[in-house]
Amino acid sequence: MDNNTIICRCSDLSLQDIRDLINDGYTSLEEIKRISRAGMGPCQGRTCSQLILREISRITGKDIHDLQPCTNRPPTMGIKLKTIADGRESND
Amino acid sequence: MIKSAEVVIIGGGITGCSIAYNLAKKGVKDVVVIEKDYLASGATGRCGAGVRQQWGTEMNCKLAMESIKFYETANEVLEYEGDIEFKQGGYLIVASTEKEHQQFKKNVKLQKSLGIEVNQITPEEATKIVPYLNTENIISATFCPKDGHLNPFTTTDAYAKAAKRLGVKFYTNTEVTGIKTDNTKITGVITNKGEIATSKVVNAAGGFSKEIGDMVGIDLPVYSERHQILVTEPVEPTQGPMVMSFSLNIYCQQTPVGAFIMGRGDANEPRDLRRTSSWQFLDEMSKTVTELLPALGGLRVIRQWAGLYNITPDKQPILGSVKELDGFYLAIGFSGHGFMLAPMTGLLLAEQILGEKTSIDISMLDKDRFERGELVLEPSVV
């Protein structure tokens, strides 16, 4: 794959960016997420997480199954604040 | 693992990293930071990352003023190749009760006397700063344009990298399991990866600081409470300042990447160190924010998380040595404001550990002030 390939579309990170971070010592998905915002965008890491885990595995030599995925944080998909606020009113 | 060190710092958040950097900068050779997970994995990386000078006590005002001065030049001072993303869009704090309105009068008078650029303004003036602010229940507001927001991950990274260049050793994924003493002084630190002989230990463990105190039999007057935050999808720059209300229990800021982050706490939380998210928070926050800032109702929430406030009885930190045990130092109990005070915390602790005169007299921030009944209550906390 080309080093310019975009890995995280939400936060605009290329394969090269990810490889640089891993080589710089950020060798867990949680750390890469925090330092680069990979996986913090609207898709919640659905695209990039697996790709980044694979790169960590390749560079560090660790089995991908031994690598920790990120904590899944709610909500599952984007919801408008107003929708949640209104929903509360109708339930009161 | 290294066998001995001059100072061992427990906690790799912004506080621990800042103390390590300041010690190393003053020439201490063997400084070790022990972090049970990864850097900024605890309260630092979970915080709202706002920084403000608008406080109700002189001590907090001073600590915050000097810390913000540091953050203004931190990229250069720490020679950071990245960016700490300091945005000084101000803090707009609204008063929606008469009590708050009167408290803010006092706060502003104090802040101005210390040289903080701040004004109490009318609701109309507030809407010139945030046009979509709902002023229906607002009596007045205070605004300081120099307050702001940073990226907590890169800021911690900047401190850690600068500390590493000065020789500080970081052990991440390493948990402190015990502290060795001869009953009057510290002799070492036990971790799950080995022991380090040392005569000085700094407790900078944030939400877990009480547990570190327990290791040496010192009951620290702090507790940890879950506070939660949500973040929206990123949009065009819309809101300059952090908007905050103590009585409505909300702070809300647009970060430089465009996402809005907003948080609140709940004093009835069980004190069991939980850091999970709750639907009740999402529910309450959506209601509060769409009332105060109705225009944000159209934004989609994409993620929520939680972190721990380590809280003292007067909402001011506990800094410095303890009388029971030589070599045991505390940088705890920031009550939700450790990130914004970290530059000064690092300097002051380093000064005290080295026996220097501290830049600000912190003797009133010792842990025994509560026993003496000398609380200095901070009234302005979310």
# chains A, B, ... in the order shown; residues from 1 in each chain; ligands from 1
>>> interface_residues(of="chain A", to="chain B", cutoff="10 Å", atoms="only C-alpha atoms", output="VMD selection string")
chain A and resid 10 to 11 26 28 30 to 31 33 to 37 40 to 44 71 to 89
>>> select_by_dssp(residues="chain A", states="helix (DSSP H, G or I)", output="PyMOL selection string")
chain A and resi 15-23+29-36+48-60+64-66+81-91
>>> write_last_selection(atoms="C-alpha atoms", output="PDB file, in the first residue's frame")
ATOM      1  CA  LEU A  15      -0.248   5.380   6.406  1.00  0.00           C
ATOM      2  CA  GLN A  16       3.059   7.243   6.693  1.00  0.00           C
ATOM      3  CA  ASP A  17       1.719   9.281   9.627  1.00  0.00           C
ATOM      4  CA  ILE A  18       0.676   6.096  11.423  1.00  0.00           C
ATOM      5  CA  ARG A  19       3.975   4.339  10.714  1.00  0.00           C
ATOM      6  CA  ASP A  20       5.915   7.373  11.990  1.00  0.00           C
ATOM      7  CA  LEU A  21       3.932   7.340  15.242  1.00  0.00           C
ATOM      8  CA  ILE A  22       4.513   3.630  15.813  1.00  0.00           C
ATOM      9  CA  ASN A  23       8.233   4.021  15.117  1.00  0.00           C
ATOM     10  CA  LEU A  29      -4.090   1.954  19.578  1.00  0.00           C
ATOM     11  CA  GLU A  30      -5.150   4.035  22.601  1.00  0.00           C
ATOM     12  CA  GLU A  31      -1.916   6.038  22.478  1.00  0.00           C
ATOM     13  CA  ILE A  32      -2.089   6.582  18.722  1.00  0.00           C
ATOM     14  CA  LYS A  33      -5.692   7.685  19.039  1.00  0.00           C
ATOM     15  CA  ARG A  34      -4.852  10.287  21.650  1.00  0.00           C
ATOM     16  CA  ILE A  35      -1.755  11.755  20.068  1.00  0.00           C
ATOM     17  CA  SER A  36      -3.170  11.913  16.515  1.00  0.00           C
ATOM     18  CA  CYS A  48      -8.999   3.083  10.828  1.00  0.00           C
ATOM     19  CA  SER A  49      -8.843   0.951  13.986  1.00  0.00           C
ATOM     20  CA  GLN A  50      -8.274  -2.370  12.252  1.00  0.00           C
ATOM     21  CA  LEU A  51      -5.815  -0.854   9.794  1.00  0.00           C
ATOM     22  CA  ILE A  52      -3.811   0.747  12.601  1.00  0.00           C
ATOM     23  CA  LEU A  53      -3.805  -2.445  14.674  1.00  0.00           C
ATOM     24  CA  ARG A  54      -2.433  -4.289  11.634  1.00  0.00           C
ATOM     25  CA  GLU A  55       0.364  -1.738  11.252  1.00  0.00           C
ATOM     26  CA  ILE A  56       1.231  -1.963  14.974  1.00  0.00           C
ATOM     27  CA  SER A  57       1.394  -5.732  14.604  1.00  0.00           C
ATOM     28  CA  ARG A  58       3.623  -5.525  11.522  1.00  0.00           C
ATOM     29  CA  ILE A  59       6.073  -3.031  13.008  1.00  0.00           C
ATOM     30  CA  THR A  60       6.286  -4.365  16.583  1.00  0.00           C
ATOM     31  CA  ILE A  64      -2.610  -8.710  16.261  1.00  0.00           C
ATOM     32  CA  HIS A  65      -4.782 -10.799  18.566  1.00  0.00           C
ATOM     33  CA  ASP A  66      -2.646  -9.745  21.525  1.00  0.00           C
ATOM     34  CA  LEU A  81     -28.381  16.867  21.012  1.00  0.00           C
ATOM     35  CA  LYS A  82     -31.865  18.214  20.381  1.00  0.00           C
ATOM     36  CA  THR A  83     -33.183  14.757  19.581  1.00  0.00           C
ATOM     37  CA  ILE A  84     -31.954  13.454  22.923  1.00  0.00           C
ATOM     38  CA  ALA A  85     -33.244  16.530  24.814  1.00  0.00           C
ATOM     39  CA  ASP A  86     -36.692  16.291  23.170  1.00  0.00           C
ATOM     40  CA  GLY A  87     -36.887  12.573  23.791  1.00  0.00           C
ATOM     41  CA  ARG A  88     -36.398  13.226  27.463  1.00  0.00           C
ATOM     42  CA  GLU A  89     -39.298  15.702  27.560  1.00  0.00           C
ATOM     43  CA  SER A  90     -41.732  13.280  25.958  1.00  0.00           C
ATOM     44  CA  ASN A  91     -40.805  10.628  28.521  1.00  0.00           C
TER      45      ASN A  91
END
>>> atom_distance(atom1="CA of Ile190 in chain B", atom2="CA of Val176 in chain B")
5.8 Å
>>> closest_residue(among="B:Lys367, B:Lys105, B:His149, B:Lys210", to="Val118 in chain B", atoms="only C-alpha atoms")
B:Lys105
>>> residues_around(residues="Ile332 in chain B", least_positions_apart="6", cutoff="12 Å", atoms="only C-alpha atoms", output="compact mmCIF listing (two decimals) with N, CA and C atoms, in the first residue's frame")
# COMPACT_ATOMS: atom_id res chain seq x y z
N ILE B 10 4.96 9.04 41.07
CA ILE B 10 3.93 8.06 40.76
C ILE B 10 2.81 8.77 40.01
N GLY B 11 2.64 8.44 38.73
CA GLY B 11 1.59 9.05 37.92
C GLY B 11 2.15 9.76 36.71
N GLY B 13 0.51 11.52 34.39
CA GLY B 13 -0.38 12.53 33.82
C GLY B 13 0.38 13.84 33.69
N ILE B 14 -0.34 14.90 33.41
CA ILE B 14 0.31 16.20 33.21
C ILE B 14 1.06 16.63 34.47
N THR B 15 0.51 16.33 35.65
CA THR B 15 1.15 16.76 36.89
C THR B 15 2.49 16.06 37.09
N GLY B 16 2.49 14.74 36.97
CA GLY B 16 3.73 13.99 37.12
C GLY B 16 4.77 14.39 36.10
N ALA B 43 -6.88 11.02 34.45
CA ALA B 43 -7.66 12.26 34.46
C ALA B 43 -7.19 13.25 33.40
N VAL B 202 6.90 11.16 44.94
CA VAL B 202 5.84 12.15 44.74
C VAL B 202 4.56 11.41 44.35
N ASN B 203 3.51 11.66 45.10
CA ASN B 203 2.20 11.10 44.76
C ASN B 203 1.50 12.06 43.81
N ALA B 204 1.50 11.68 42.52
CA ALA B 204 0.81 12.49 41.50
C ALA B 204 -0.16 11.56 40.77
N ALA B 205 -0.84 10.73 41.55
CA ALA B 205 -1.63 9.64 40.97
C ALA B 205 -3.07 10.04 40.65
N GLY B 206 -3.38 11.33 40.73
CA GLY B 206 -4.69 11.82 40.28
C GLY B 206 -5.83 11.12 41.00
N GLY B 207 -6.70 10.49 40.22
CA GLY B 207 -7.88 9.83 40.78
C GLY B 207 -7.57 8.69 41.73
N PHE B 208 -6.32 8.22 41.68
CA PHE B 208 -5.94 7.08 42.52
C PHE B 208 -4.96 7.47 43.63
N SER B 209 -4.93 8.76 43.95
CA SER B 209 -3.94 9.25 44.92
C SER B 209 -4.19 8.73 46.34
N LYS B 210 -5.46 8.54 46.68
CA LYS B 210 -5.77 8.05 48.03
C LYS B 210 -5.19 6.65 48.24
N GLU B 211 -5.25 5.84 47.19
CA GLU B 211 -4.74 4.46 47.26
C GLU B 211 -3.21 4.47 47.47
N ILE B 212 -2.54 5.47 46.91
CA ILE B 212 -1.09 5.59 47.12
C ILE B 212 -0.82 5.98 48.58
N GLY B 213 -1.63 6.87 49.12
CA GLY B 213 -1.50 7.25 50.53
C GLY B 213 -1.68 6.04 51.44
N LEU B 220 -5.35 10.14 53.25
CA LEU B 220 -5.37 11.45 52.59
C LEU B 220 -6.80 11.98 52.51
N PRO B 221 -6.98 13.27 52.80
CA PRO B 221 -8.33 13.85 52.82
C PRO B 221 -8.85 14.17 51.42
N VAL B 222 -8.93 13.16 50.57
CA VAL B 222 -9.43 13.34 49.20
C VAL B 222 -10.37 12.19 48.85
N TYR B 223 -11.22 12.42 47.88
CA TYR B 223 -12.01 11.33 47.31
C TYR B 223 -12.12 11.59 45.81
N SER B 224 -12.43 10.53 45.06
CA SER B 224 -12.53 10.69 43.61
C SER B 224 -13.98 10.56 43.17
N TYR B 309 -12.41 13.28 39.07
CA TYR B 309 -11.96 14.46 39.81
C TYR B 309 -11.45 13.92 41.14
N ASN B 310 -10.28 14.35 41.56
CA ASN B 310 -9.78 14.00 42.88
C ASN B 310 -10.01 15.23 43.76
N ILE B 311 -10.96 15.11 44.69
CA ILE B 311 -11.54 16.29 45.33
C ILE B 311 -11.13 16.43 46.81
N THR B 312 -10.82 17.66 47.19
CA THR B 312 -10.51 17.97 48.60
C THR B 312 -11.71 18.70 49.22
N LYS B 315 -11.79 22.22 47.73
CA LYS B 315 -11.65 22.30 46.28
C LYS B 315 -10.35 22.97 45.84
N GLN B 316 -9.37 22.99 46.73
CA GLN B 316 -8.04 23.47 46.35
C GLN B 316 -7.08 22.30 46.49
N PRO B 317 -6.01 22.29 45.70
CA PRO B 317 -5.11 21.13 45.74
C PRO B 317 -4.35 21.00 47.05
N ILE B 318 -3.80 19.81 47.26
CA ILE B 318 -2.87 19.56 48.37
C ILE B 318 -1.49 19.44 47.74
N LEU B 319 -0.61 20.33 48.14
CA LEU B 319 0.74 20.35 47.56
C LEU B 319 1.80 20.29 48.64
N GLY B 320 2.83 19.48 48.38
CA GLY B 320 4.01 19.51 49.22
C GLY B 320 4.20 18.34 50.15
N SER B 321 5.13 18.50 51.09
CA SER B 321 5.57 17.41 51.97
C SER B 321 4.53 17.13 53.05
N GLY B 338 -6.40 20.03 37.73
CA GLY B 338 -4.98 19.69 37.72
C GLY B 338 -4.30 20.04 36.42
N PHE B 339 -5.03 19.88 35.31
CA PHE B 339 -4.43 20.15 34.02
C PHE B 339 -4.05 21.62 33.90
N LEU B 341 -3.45 23.81 36.16
CA LEU B 341 -2.48 24.32 37.13
C LEU B 341 -1.12 23.63 37.03
N ALA B 342 -1.01 22.64 36.13
CA ALA B 342 0.18 21.79 36.09
C ALA B 342 1.51 22.53 35.93
N THR B 345 2.32 23.70 39.37
CA THR B 345 2.49 22.54 40.26
C THR B 345 3.89 21.96 40.09
N GLY B 346 4.30 21.79 38.85
CA GLY B 346 5.61 21.21 38.57
C GLY B 346 6.74 22.05 39.14
N LEU B 349 6.56 22.10 43.20
CA LEU B 349 6.99 20.83 43.81
C LEU B 349 8.50 20.65 43.66
N LEU B 365 -1.33 25.14 51.54
CA LEU B 365 -1.92 24.04 50.76
C LEU B 365 -1.50 22.67 51.28
N ASP B 366 -0.96 22.62 52.50
CA ASP B 366 -0.58 21.32 53.06
C ASP B 366 -1.83 20.50 53.41
N LYS B 367 -1.64 19.21 53.61
CA LYS B 367 -2.80 18.34 53.82
C LYS B 367 -3.44 18.51 55.20
>>> closest_residue(among="B:Gln280, B:Gln228, B:Thr142, B:Ser359", to="Gly336 in chain B", atoms="only C-alpha atoms")
B:Gln228
>>> closest_residue(among="B:Ala74, B:Val376, B:Val8, B:Ile353", to="Thr187 in chain B", atoms="only C-alpha atoms")
B:Val8
>>> select_by_dssp(residues="chain A", states="strand (DSSP E)", output="compact mmCIF listing (two decimals) with C-alpha atoms, in the first residue's frame")
# COMPACT_ATOMS: atom_id res chain seq x y z
CA ILE A 6 -5.38 7.78 3.91
CA ILE A 7 -5.93 5.53 6.93
CA CYS A 8 -8.12 7.79 9.08
CA LEU A 13 -3.98 10.65 8.66
CA SER A 14 -1.93 8.77 6.10
CA ILE A 79 -27.32 11.59 17.56
CA LYS A 80 -28.40 15.25 17.57
>>> atom_distance(atom1="CA of Pro131 in chain B", atom2="CA of Lys112 in chain B")
25.9 Å
>>> atom_distance(atom1="CA of Glu124 in chain B", atom2="CA of Val94 in chain B")
11.9 Å
>>> residues_around(residues="range 244-251 of chain B", least_positions_apart="4", cutoff="10 Å", atoms="only C-alpha atoms", output="MDAnalysis selection string")
chainID B and resid 48 50 91:97 99:100 138 141:142 229 261:266 284:285 288:289 292 379:382
>>> decode(residues="range 47-79 of chain A", atoms="C-alpha atoms", output="PDB file, in the first residue's frame")
ATOM      1  CA  THR A  47     -12.409   2.385   9.354  1.00  0.00           C
ATOM      2  CA  CYS A  48      -8.999   3.083  10.828  1.00  0.00           C
ATOM      3  CA  SER A  49      -8.843   0.951  13.986  1.00  0.00           C
ATOM      4  CA  GLN A  50      -8.274  -2.370  12.252  1.00  0.00           C
ATOM      5  CA  LEU A  51      -5.815  -0.854   9.794  1.00  0.00           C
ATOM      6  CA  ILE A  52      -3.811   0.747  12.601  1.00  0.00           C
ATOM      7  CA  LEU A  53      -3.805  -2.445  14.674  1.00  0.00           C
ATOM      8  CA  ARG A  54      -2.433  -4.289  11.634  1.00  0.00           C
ATOM      9  CA  GLU A  55       0.364  -1.738  11.252  1.00  0.00           C
ATOM     10  CA  ILE A  56       1.231  -1.963  14.974  1.00  0.00           C
ATOM     11  CA  SER A  57       1.394  -5.732  14.604  1.00  0.00           C
ATOM     12  CA  ARG A  58       3.623  -5.525  11.522  1.00  0.00           C
ATOM     13  CA  ILE A  59       6.073  -3.031  13.008  1.00  0.00           C
ATOM     14  CA  THR A  60       6.286  -4.365  16.583  1.00  0.00           C
ATOM     15  CA  GLY A  61       6.055  -8.036  15.647  1.00  0.00           C
ATOM     16  CA  LYS A  62       3.266  -8.621  18.166  1.00  0.00           C
ATOM     17  CA  ASP A  63       0.384 -10.869  17.183  1.00  0.00           C
ATOM     18  CA  ILE A  64      -2.610  -8.710  16.261  1.00  0.00           C
ATOM     19  CA  HIS A  65      -4.782 -10.799  18.566  1.00  0.00           C
ATOM     20  CA  ASP A  66      -2.646  -9.745  21.525  1.00  0.00           C
ATOM     21  CA  LEU A  67      -3.129  -6.030  20.820  1.00  0.00           C
ATOM     22  CA  GLN A  68      -5.737  -4.092  22.763  1.00  0.00           C
ATOM     23  CA  PRO A  69      -8.522  -2.449  20.780  1.00  0.00           C
ATOM     24  CA  CYS A  70      -9.790   0.976  21.975  1.00  0.00           C
ATOM     25  CA  THR A  71     -12.565   1.268  24.524  1.00  0.00           C
ATOM     26  CA  ASN A  72     -15.896   1.412  22.713  1.00  0.00           C
ATOM     27  CA  ARG A  73     -17.579   4.621  23.726  1.00  0.00           C
ATOM     28  CA  PRO A  74     -21.256   5.465  23.329  1.00  0.00           C
ATOM     29  CA  PRO A  75     -23.276   6.480  21.427  1.00  0.00           C
ATOM     30  CA  THR A  76     -22.970   3.852  18.695  1.00  0.00           C
ATOM     31  CA  MET A  77     -23.740   6.461  16.050  1.00  0.00           C
ATOM     32  CA  GLY A  78     -24.118  10.245  16.023  1.00  0.00           C
ATOM     33  CA  ILE A  79     -27.325  11.594  17.564  1.00  0.00           C
TER      34      ILE A  79
END
